[in-house]
>>> print(open('start.txt').read())   # compact mmCIF, C-alpha atoms
# COMPACT_ATOMS: atom_id res chain seq x y z
CA MET A 1 27.31 12.27 2.57
CA LYS A 2 29.51 10.86 5.31
CA ILE A 3 32.08 8.29 4.23
CA ASN A 4 34.20 6.52 6.85
CA GLU A 5 37.53 4.94 6.01
CA THR A 6 39.70 2.34 7.74
CA MET A 7 42.75 0.36 6.68
CA VAL A 8 42.75 -3.37 7.47
CA ASN A 9 45.80 -5.37 6.32
CA ASP A 10 46.53 -3.03 3.39
CA VAL A 11 42.90 -3.14 2.32
CA LEU A 12 41.00 0.17 2.34
CA ILE A 13 37.54 -0.19 3.88
CA VAL A 14 35.18 2.48 2.58
CA GLN A 15 31.99 2.80 4.59
CA PRO A 16 29.38 5.23 3.24
CA GLU A 17 26.49 6.24 5.49
CA GLY A 18 22.85 6.85 4.62
CA ARG A 19 21.22 6.78 1.21
CA LEU A 20 22.89 6.07 -2.14
CA ASP A 21 20.34 7.79 -4.37
CA GLY A 22 20.23 10.34 -7.15
CA VAL A 23 21.16 13.10 -4.70
CA THR A 24 24.14 11.49 -2.95
CA SER A 25 25.53 9.07 -5.55
CA PRO A 26 27.42 11.57 -7.73
CA GLU A 27 29.47 12.68 -4.71
CA PHE A 28 30.04 9.10 -3.60
CA GLY A 29 31.08 8.14 -7.13
CA ASP A 30 33.70 10.89 -7.24
CA ALA A 31 35.05 9.83 -3.84
CA LEU A 32 35.19 6.17 -4.82
CA SER A 33 36.93 6.93 -8.09
CA ALA A 34 39.56 9.08 -6.32
CA LYS A 35 40.22 6.32 -3.76
CA LEU A 36 40.63 3.75 -6.52
CA ASP A 37 43.40 5.92 -7.96
CA GLN A 38 45.33 5.45 -4.71
CA HIS A 39 44.30 2.00 -3.56
CA LYS A 40 44.20 -1.21 -5.54
CA ALA A 41 42.50 -3.19 -2.76
CA MET A 42 39.16 -1.89 -1.54
CA VAL A 43 36.18 -3.14 0.43
CA VAL A 44 32.95 -1.13 0.26
CA GLU A 45 30.98 -1.86 3.40
CA PHE A 46 27.21 -1.26 3.19
CA THR A 47 26.37 -1.80 6.87
CA ASP A 48 25.36 1.85 7.31
CA VAL A 49 23.72 2.23 3.90
CA VAL A 50 19.95 2.21 4.29
CA TYR A 51 18.94 2.61 0.64
CA VAL A 52 20.39 2.06 -2.84
CA SER A 53 18.69 3.14 -6.06
CA SER A 54 19.88 2.68 -9.65
CA ALA A 55 22.00 5.82 -9.16
CA GLY A 56 23.96 3.95 -6.47
CA LEU A 57 24.19 0.83 -8.66
CA ARG A 58 25.60 3.00 -11.43
CA VAL A 59 28.41 4.23 -9.16
CA ILE A 60 29.30 0.67 -8.11
CA LEU A 61 29.29 -0.49 -11.74
CA MET A 62 31.55 2.39 -12.77
CA ALA A 63 33.96 1.53 -9.94
CA ALA A 64 33.94 -2.13 -11.00
CA LYS A 65 34.72 -1.12 -14.58
CA LYS A 66 37.55 1.09 -13.35
CA CYS A 67 39.00 -1.80 -11.31
CA ARG A 68 38.94 -3.96 -14.39
CA GLN A 69 40.90 -1.35 -16.33
CA THR A 70 43.45 -0.51 -13.64
CA GLY A 71 43.98 -3.95 -12.12
CA GLY A 72 42.35 -3.00 -8.83
CA LYS A 73 40.03 -5.17 -6.82
CA MET A 74 36.81 -4.23 -5.04
CA VAL A 75 34.69 -6.42 -2.76
CA LEU A 76 31.34 -5.38 -1.25
CA CYS A 77 29.97 -6.50 2.10
CA GLY A 78 27.25 -5.87 4.65
CA LEU A 79 24.33 -5.49 2.24
CA SER A 80 20.90 -5.56 3.91
CA GLU A 81 18.33 -7.97 2.47
CA PRO A 82 16.43 -5.46 0.29
CA ILE A 83 19.68 -3.95 -1.01
CA HIS A 84 21.03 -7.42 -1.79
CA GLU A 85 17.81 -8.08 -3.73
CA VAL A 86 18.31 -4.91 -5.79
CA PHE A 87 21.84 -6.09 -6.67
CA GLU A 88 20.51 -9.53 -7.53
CA ILE A 89 17.72 -8.45 -9.89
CA SER A 90 20.09 -6.03 -11.59
CA GLY A 91 22.39 -8.95 -12.40
CA PHE A 92 25.25 -7.49 -10.36
CA LEU A 93 26.00 -10.59 -8.29
CA SER A 94 27.65 -12.28 -11.28
CA ILE A 95 30.06 -9.39 -11.92
CA ILE A 96 30.69 -7.95 -8.46
CA ASP A 97 32.13 -9.84 -5.50
CA VAL A 98 29.66 -9.55 -2.59
CA ARG A 99 30.41 -11.12 0.81
CA PRO A 100 28.29 -11.17 3.96
CA SER A 101 30.80 -9.70 6.41
CA ARG A 102 33.81 -7.38 6.44
CA ASP A 103 36.08 -10.21 7.60
CA GLU A 104 35.06 -12.38 4.68
CA ALA A 105 35.46 -9.46 2.27
CA VAL A 106 38.99 -8.71 3.57
CA GLY A 107 39.74 -12.45 3.40
CA GLU A 108 39.17 -12.30 -0.36
CA PHE A 109 42.40 -10.32 -0.68
CA ASN A 110 44.51 -12.92 1.10
CA LYS A 111 43.71 -15.67 -1.37
CA HIS A 112 46.37 -16.54 -3.89
CA MET E 1 -6.14 3.85 3.06
CA GLN E 2 -5.26 6.40 0.46
CA LYS E 3 -3.04 9.44 0.32
CA GLU E 4 -2.02 12.03 -2.22
CA PHE E 5 1.45 13.57 -2.28
CA VAL E 6 2.55 16.52 -4.39
CA VAL E 7 6.26 16.69 -5.21
CA ALA E 8 7.84 19.54 -7.21
CA ASN E 9 10.45 18.75 -9.88
CA ASP E 10 13.48 19.09 -7.64
CA ILE E 11 15.62 16.02 -6.94
CA GLN E 12 16.45 17.35 -3.44
CA LEU E 13 12.79 16.84 -2.48
CA LEU E 14 12.92 13.08 -3.10
CA PRO E 15 14.58 11.99 0.19
CA PRO E 16 11.98 13.81 2.35
CA PHE E 17 9.23 12.43 0.09
CA ALA E 18 10.62 8.92 0.68
CA GLU E 19 10.30 9.50 4.44
CA ASP E 20 6.69 10.68 4.11
CA LEU E 21 5.86 7.70 1.94
CA GLU E 22 7.46 5.30 4.39
CA SER E 23 5.52 6.78 7.32
CA PHE E 24 2.24 6.50 5.44
CA CYS E 25 2.89 2.91 4.29
CA ASP E 26 3.89 1.93 7.81
CA GLU E 27 0.71 3.51 9.21
CA ALA E 28 -1.37 1.74 6.53
CA GLY E 29 0.07 -1.63 7.57
CA VAL E 30 2.23 -2.31 4.52
CA PRO E 31 4.86 -4.92 5.47
CA MET E 32 8.42 -3.59 5.79
CA ASN E 33 9.75 -5.84 3.01
CA MET E 34 7.30 -4.20 0.60
CA ILE E 35 8.03 -0.60 1.58
CA TYR E 36 11.56 -0.69 0.14
CA PRO E 37 10.47 -1.73 -3.38
CA LEU E 38 7.56 0.76 -3.35
CA ASN E 39 9.92 3.53 -2.34
CA LEU E 40 12.50 2.46 -4.89
CA VAL E 41 10.19 2.37 -7.91
CA LEU E 42 8.72 5.79 -7.09
CA ASP E 43 12.24 7.20 -6.58
CA GLU E 44 13.35 5.75 -9.93
CA TRP E 45 10.36 7.10 -11.81
CA LEU E 46 10.37 10.55 -10.17
CA THR E 47 14.14 10.87 -10.72
CA ASN E 48 13.55 9.99 -14.37
CA LEU E 49 10.78 12.56 -14.73
CA ILE E 50 12.76 15.31 -12.99
CA SER E 51 15.85 14.59 -15.13
CA HIS E 52 14.20 14.20 -18.53
CA ALA E 53 10.54 15.25 -18.70
CA PHE E 54 10.72 18.99 -18.21
CA HIS E 55 12.63 21.07 -20.70
CA ASP E 56 11.69 24.47 -19.34
CA GLU E 57 13.15 25.99 -16.19
CA GLY E 58 9.77 26.20 -14.48
CA LYS E 59 8.36 24.45 -11.48
CA HIS E 60 6.19 21.43 -12.16
CA ASP E 61 4.10 19.58 -9.61
CA ILE E 62 4.12 15.81 -9.82
CA VAL E 63 1.12 14.19 -8.13
CA VAL E 64 1.57 10.80 -6.50
CA THR E 65 -1.33 8.81 -5.08
CA VAL E 66 -0.84 5.72 -2.97
CA ASP E 67 -3.79 3.42 -2.30
CA VAL E 68 -3.27 0.56 0.13
CA GLY E 69 -6.03 -1.94 -0.61
CA GLU E 70 -6.75 -5.40 0.74
CA GLN E 71 -4.80 -7.26 -1.89
CA ALA E 72 -2.47 -4.72 -3.41
CA VAL E 73 -0.87 -1.32 -3.20
CA THR E 74 -1.71 0.82 -6.22
CA MET E 75 0.30 3.96 -6.93
CA THR E 76 -0.20 6.56 -9.63
CA VAL E 77 2.21 9.27 -10.74
CA THR E 78 0.79 12.13 -12.82
CA ASP E 79 3.00 14.72 -14.51
CA ASP E 80 2.70 17.39 -17.21
CA GLY E 81 6.08 16.78 -18.83
CA LEU E 82 7.14 15.17 -22.07
CA PRO E 83 5.51 11.77 -22.54
CA PHE E 84 7.70 8.69 -22.14
CA ASN E 85 6.16 5.25 -21.94
CA PRO E 86 8.44 3.02 -19.84
CA THR E 87 6.59 -0.10 -20.94
CA VAL E 88 7.48 0.35 -24.62
CA ASP E 89 10.06 3.14 -25.06
CA ALA E 90 12.85 1.62 -22.97
CA PRO E 91 14.86 -1.42 -24.04
CA ALA E 92 15.70 -3.87 -21.26
CA PRO E 93 19.36 -3.57 -20.26
CA PRO E 94 21.53 -6.69 -20.42
CA ILE E 95 21.76 -8.17 -16.92
CA ASP E 96 24.20 -10.93 -17.76
CA GLY E 97 27.59 -11.04 -19.41
CA ASP E 98 30.90 -9.56 -18.32
CA ILE E 99 31.50 -6.18 -16.67
CA GLU E 100 32.54 -4.56 -19.97
CA ASP E 101 29.21 -5.53 -21.53
CA ARG E 102 27.09 -3.85 -18.88
CA PRO E 103 25.82 -0.41 -19.83
CA ILE E 104 25.95 2.43 -17.33
CA GLY E 105 22.28 3.25 -16.94
CA GLY E 106 18.92 1.80 -17.86
CA LEU E 107 18.62 -0.10 -14.59
CA GLY E 108 16.00 2.16 -13.02
CA LEU E 109 13.26 1.18 -15.46
CA HIS E 110 14.38 -2.45 -15.24
CA LEU E 111 13.90 -2.30 -11.45
CA ILE E 112 10.41 -0.81 -11.90
CA ARG E 113 9.38 -3.62 -14.25
CA ARG E 114 10.89 -6.34 -12.08
CA LEU E 115 9.63 -5.15 -8.71
CA MET E 116 6.05 -4.32 -9.69
CA ASP E 117 3.27 -6.73 -10.64
CA GLY E 118 1.58 -4.21 -12.92
CA VAL E 119 2.87 -1.19 -14.84
CA ASN E 120 0.55 0.87 -17.01
CA TYR E 121 1.15 4.18 -18.78
CA GLU E 122 -1.42 6.55 -20.21
CA THR E 123 -1.34 10.01 -21.68
CA SER E 124 -4.40 12.23 -21.62
CA PRO E 125 -5.58 14.68 -24.30
CA ALA E 126 -5.04 17.43 -21.71
CA GLY E 127 -1.30 16.77 -21.92
CA THR E 128 -0.75 14.91 -18.67
CA ASN E 129 0.89 11.52 -18.30
CA CYS E 130 -0.03 8.93 -15.71
CA LEU E 131 1.98 5.90 -14.66
CA THR E 132 0.10 3.31 -12.60
CA LEU E 133 2.11 0.85 -10.53
CA VAL E 134 0.57 -2.15 -8.77
CA LYS E 135 2.20 -4.44 -6.23
CA HIS E 136 0.21 -7.34 -4.75
CA PHE E 137 0.67 -8.48 -1.18
CA ASN E 138 2.40 -11.83 -0.79
CA THR E 139 2.96 -12.59 -4.43
CA PRO E 140 5.64 -15.10 -5.37
CA SER E 141 7.89 -12.19 -6.42
CA ASP E 142 8.02 -11.09 -2.78
CA GLN E 143 9.60 -14.37 -1.81
CA GLU E 144 12.14 -14.52 -4.59
>>> encode(input="start.txt", output="structure tokens")
Amino acid sequence: MKINETMVNDVLIVQPEGRLDGVTSPEFGDALSAKLDQHKAMVVEFTDVVYVSSAGLRVILMAAKKCRQTGGKMVLCGLSEPIHEVFEISGFLSIIDVRPSRDEAVGEFNKH
Amino acid sequence: MQKEFVVANDIQLLPPFAEDLESFCDEAGVPMNMIYPLNLVLDEWLTNLISHAFHDEGKHDIVVTVDVGEQAVTMTVTDDGLPFNPTVDAPAPPIDGDIEDRPIGGLGLHLIRRLMDGVNYETSPAGTNCLTLVKHFNTPSDQE
């Protein structure tokens, strides 16, 4: 799976492309975990993600747990409506910071 | 409109199956906001079957039927693997509480139960299992 990366104000923007399903999620999970070892501030942008199944949710939950343990911070943005609904009914919106746009997600790191 | 799909027990076949399903649903006039949940629940169930239901190394065909009616879409999934009834054998995962309290896993079956209006599971004496999934058009759950 293709994963684009950009740095914005010391925040790493990780932008996966395509489907986060049982086929692609293990690879994405490994990549995300490796990036969290190097970066304590990360935005995962979903603009180019067309589909998320429970396998994708699992990867996000594992990353969120890792952040909790290591003192990192992860904010999600750019979720399409059906993907946002999947996060909502899985109860993820109360444990994971989800913002509409990249700017708002990056803005979360400037708050003190 | 009705269609039957046959998918072998290989997880790599699920993305192309999702495309076929989407094309058929689109052709049958299923609204876009319903296609995602239909695709998702079939993906979750087929992934589950492929990962857990077959303990031999052999190829197994899983038969999926999709029937787009006037009031609902009815889907059936028939397999010849180990029986597992998602309506009784799977505890609901906690979906509140702190990050540490959330288990890794169990969400797929939760999504199936939440996104469908009807879930029924039957095993036949011949050793096949059939999951029936029903989603009504324009039910309140669509507008949630």
>>> closest_residue(input="start.txt", among="E:Met116, E:Ile35, E:Leu111, E:Val77", to="Ala92 in chain E", atoms="all atoms listed in the file")
E:Leu111
>>> residues_around(input="start.txt", residues="Pro93 in chain E", least_positions_apart="2", cutoff="8 Å", atoms="all atoms listed in the file", output="list in words")
Pro91, Ile95, Arg102, Pro103, Gly106, Leu107 and His110 of chain E
>>> atom_distance(input="start.txt", atom1="CA of Ala34 in chain A", atom2="CA of Leu40 in chain E")
27.9 Å
>>> closest_residue(input="start.txt", among="A:Ser25, A:Cys67, A:Ser53, A:Val43", to="Glu85 in chain A", atoms="all atoms listed in the file")
A:Ser53
>>> residues_around(input="start.txt", residues="range 18-24 of chain A", least_positions_apart="3", cutoff="8 Å", atoms="only C-alpha atoms", output="PyMOL selection string")
(chain A and resi 1-2+27-28+48-56) or (chain E and resi 11-12+47)
>>> residues_near_point(input="start.txt", point="(28.2, -4.6, 8.7)", cutoff="8 Å", atoms="only C-alpha atoms", output="MDAnalysis selection string")
chainID A and resid 45:48 77:79 101:102
>>> write_last_selection(input="start.txt", atoms="C-alpha atoms", output="PDB file, in the coordinates of the input")
ATOM      1  CA  GLU A  45      30.980  -1.860   3.400  1.00  0.00           C
ATOM      2  CA  PHE A  46      27.210  -1.260   3.190  1.00  0.00           C
ATOM      3  CA  THR A  47      26.370  -1.800   6.870  1.00  0.00           C
ATOM      4  CA  ASP A  48      25.360   1.850   7.310  1.00  0.00           C
ATOM      5  CA  CYS A  77      29.970  -6.500   2.100  1.00  0.00           C
ATOM      6  CA  GLY A  78      27.250  -5.870   4.650  1.00  0.00           C
ATOM      7  CA  LEU A  79      24.330  -5.490   2.240  1.00  0.00           C
ATOM      8  CA  SER A 101      30.800  -9.700   6.410  1.00  0.00           C
ATOM      9  CA  ARG A 102      33.810  -7.380   6.440  1.00  0.00           C
TER      10      ARG A 102
END
>>> closest_residue(input="start.txt", among="E:Leu42, E:Cys25, E:Ala90, E:Ala18", to="Thr76 in chain E", atoms="only C-alpha atoms")
E:Leu42
>>> interface_residues(input="start.txt", of="chain E", to="chain A", cutoff="12 Å", atoms="only C-alpha atoms", output="VMD selection string")
chain E and resid 10 to 16 18 to 19 32 to 48 50 to 51 92 to 115 141 to 144
>>> residues_around(input="start.txt", residues="Phe137 in chain E", least_positions_apart="4", cutoff="10 Å", atoms="all atoms listed in the file", output="ChimeraX atom specification")
/E:30-31,34,68-73,117,141-142
>>> atom_distance(input="start.txt", atom1="CA of Thr128 in chain E", atom2="CA of Glu22 in chain E")
26.3 Å
>>> atom_distance(input="start.txt", atom1="CA of Asp26 in chain E", atom2="CA of Leu131 in chain E")
22.9 Å
>>> residues_around(input="start.txt", residues="Asp10 in chain A", least_positions_apart="6", cutoff="10 Å", atoms="all atoms listed in the file", output="list of chain:residue names")
A:His39, A:Lys40, A:Ala41, A:Met42, A:Val106, A:Phe109
>>> residues_around(input="start.txt", residues="range 5-8 of chain E", least_positions_apart="5", cutoff="9 Å", atoms="all atoms listed in the file", output="number ranges by chain")
E: 13-14, 17, 20-21, 46, 50, 59-66
>>> build_atoms(input="start.txt", residues="range 102-113 of chain E", atoms="all heavy atoms", output="short mmCIF file (atom, residue, chain, number, x, y, z; two decimals), in the coordinates of the input")
data_model
loop_
_atom_site.label_atom_id
_atom_site.label_comp_id
_atom_site.auth_asym_id
_atom_site.auth_seq_id
_atom_site.Cartn_x
_atom_site.Cartn_y
_atom_site.Cartn_z
N ARG E 102 28.22 -4.45 -19.59
CA ARG E 102 27.09 -3.85 -18.88
C ARG E 102 27.05 -2.34 -19.13
O ARG E 102 28.03 -1.65 -18.86
CB ARG E 102 27.21 -4.09 -17.37
CG ARG E 102 27.35 -5.56 -16.97
CD ARG E 102 26.14 -6.36 -17.39
NE ARG E 102 26.32 -7.74 -16.98
CZ ARG E 102 25.93 -8.22 -15.80
NH1 ARG E 102 25.32 -7.45 -14.94
NH2 ARG E 102 26.13 -9.48 -15.51
N PRO E 103 25.91 -1.86 -19.61
CA PRO E 103 25.82 -0.41 -19.83
C PRO E 103 25.65 0.34 -18.52
O PRO E 103 25.09 -0.20 -17.56
CB PRO E 103 24.56 -0.28 -20.69
CG PRO E 103 23.73 -1.47 -20.34
CD PRO E 103 24.68 -2.57 -19.93
N ILE E 104 26.17 1.57 -18.48
CA ILE E 104 25.95 2.43 -17.33
C ILE E 104 24.57 3.06 -17.54
O ILE E 104 24.39 3.90 -18.40
CB ILE E 104 27.02 3.56 -17.28
CG1 ILE E 104 28.41 2.99 -17.21
CG2 ILE E 104 26.74 4.54 -16.16
CD1 ILE E 104 28.85 2.46 -15.88
N GLY E 105 23.61 2.65 -16.77
CA GLY E 105 22.28 3.25 -16.94
C GLY E 105 21.25 2.26 -17.45
O GLY E 105 21.59 1.15 -17.85
N GLY E 106 20.00 2.67 -17.40
CA GLY E 106 18.92 1.80 -17.86
C GLY E 106 18.37 0.87 -16.79
O GLY E 106 17.38 0.19 -16.99
N LEU E 107 19.05 0.85 -15.62
CA LEU E 107 18.62 -0.10 -14.59
C LEU E 107 17.37 0.36 -13.84
O LEU E 107 16.63 -0.47 -13.31
CB LEU E 107 19.77 -0.35 -13.61
CG LEU E 107 20.88 -1.26 -14.14
CD1 LEU E 107 22.08 -1.21 -13.20
CD2 LEU E 107 20.39 -2.69 -14.29
N GLY E 108 17.14 1.67 -13.77
CA GLY E 108 16.00 2.16 -13.02
C GLY E 108 14.67 1.61 -13.55
O GLY E 108 13.85 1.12 -12.79
N LEU E 109 14.51 1.68 -14.87
CA LEU E 109 13.26 1.18 -15.46
C LEU E 109 13.18 -0.34 -15.35
O LEU E 109 12.09 -0.90 -15.17
CB LEU E 109 13.16 1.63 -16.92
CG LEU E 109 13.09 3.15 -17.12
CD1 LEU E 109 13.13 3.51 -18.59
CD2 LEU E 109 11.84 3.74 -16.46
N HIS E 110 14.34 -0.99 -15.43
CA HIS E 110 14.38 -2.45 -15.24
C HIS E 110 13.88 -2.81 -13.83
O HIS E 110 13.09 -3.73 -13.66
CB HIS E 110 15.82 -2.93 -15.44
CG HIS E 110 16.05 -4.36 -15.01
ND1 HIS E 110 15.57 -5.42 -15.73
CD2 HIS E 110 16.68 -4.88 -13.92
CE1 HIS E 110 15.91 -6.55 -15.11
NE2 HIS E 110 16.58 -6.25 -14.01
N LEU E 111 14.33 -2.04 -12.84
CA LEU E 111 13.90 -2.30 -11.45
C LEU E 111 12.39 -2.10 -11.31
O LEU E 111 11.71 -2.88 -10.64
CB LEU E 111 14.65 -1.38 -10.48
CG LEU E 111 16.14 -1.69 -10.28
CD1 LEU E 111 16.82 -0.58 -9.49
CD2 LEU E 111 16.33 -3.03 -9.58
N ILE E 112 11.86 -1.06 -11.97
CA ILE E 112 10.41 -0.81 -11.90
C ILE E 112 9.66 -2.02 -12.46
O ILE E 112 8.73 -2.53 -11.83
CB ILE E 112 10.03 0.47 -12.70
CG1 ILE E 112 10.61 1.71 -12.01
CG2 ILE E 112 8.51 0.58 -12.84
CD1 ILE E 112 10.40 3.01 -12.78
N ARG E 113 10.08 -2.49 -13.62
CA ARG E 113 9.38 -3.62 -14.25
C ARG E 113 9.51 -4.90 -13.42
O ARG E 113 8.56 -5.67 -13.30
CB ARG E 113 9.91 -3.85 -15.67
CG ARG E 113 9.48 -2.77 -16.65
CD ARG E 113 9.87 -3.14 -18.08
NE ARG E 113 11.31 -3.14 -18.24
CZ ARG E 113 11.99 -2.19 -18.90
NH1 ARG E 113 11.35 -1.19 -19.47
NH2 ARG E 113 13.30 -2.25 -19.01
#
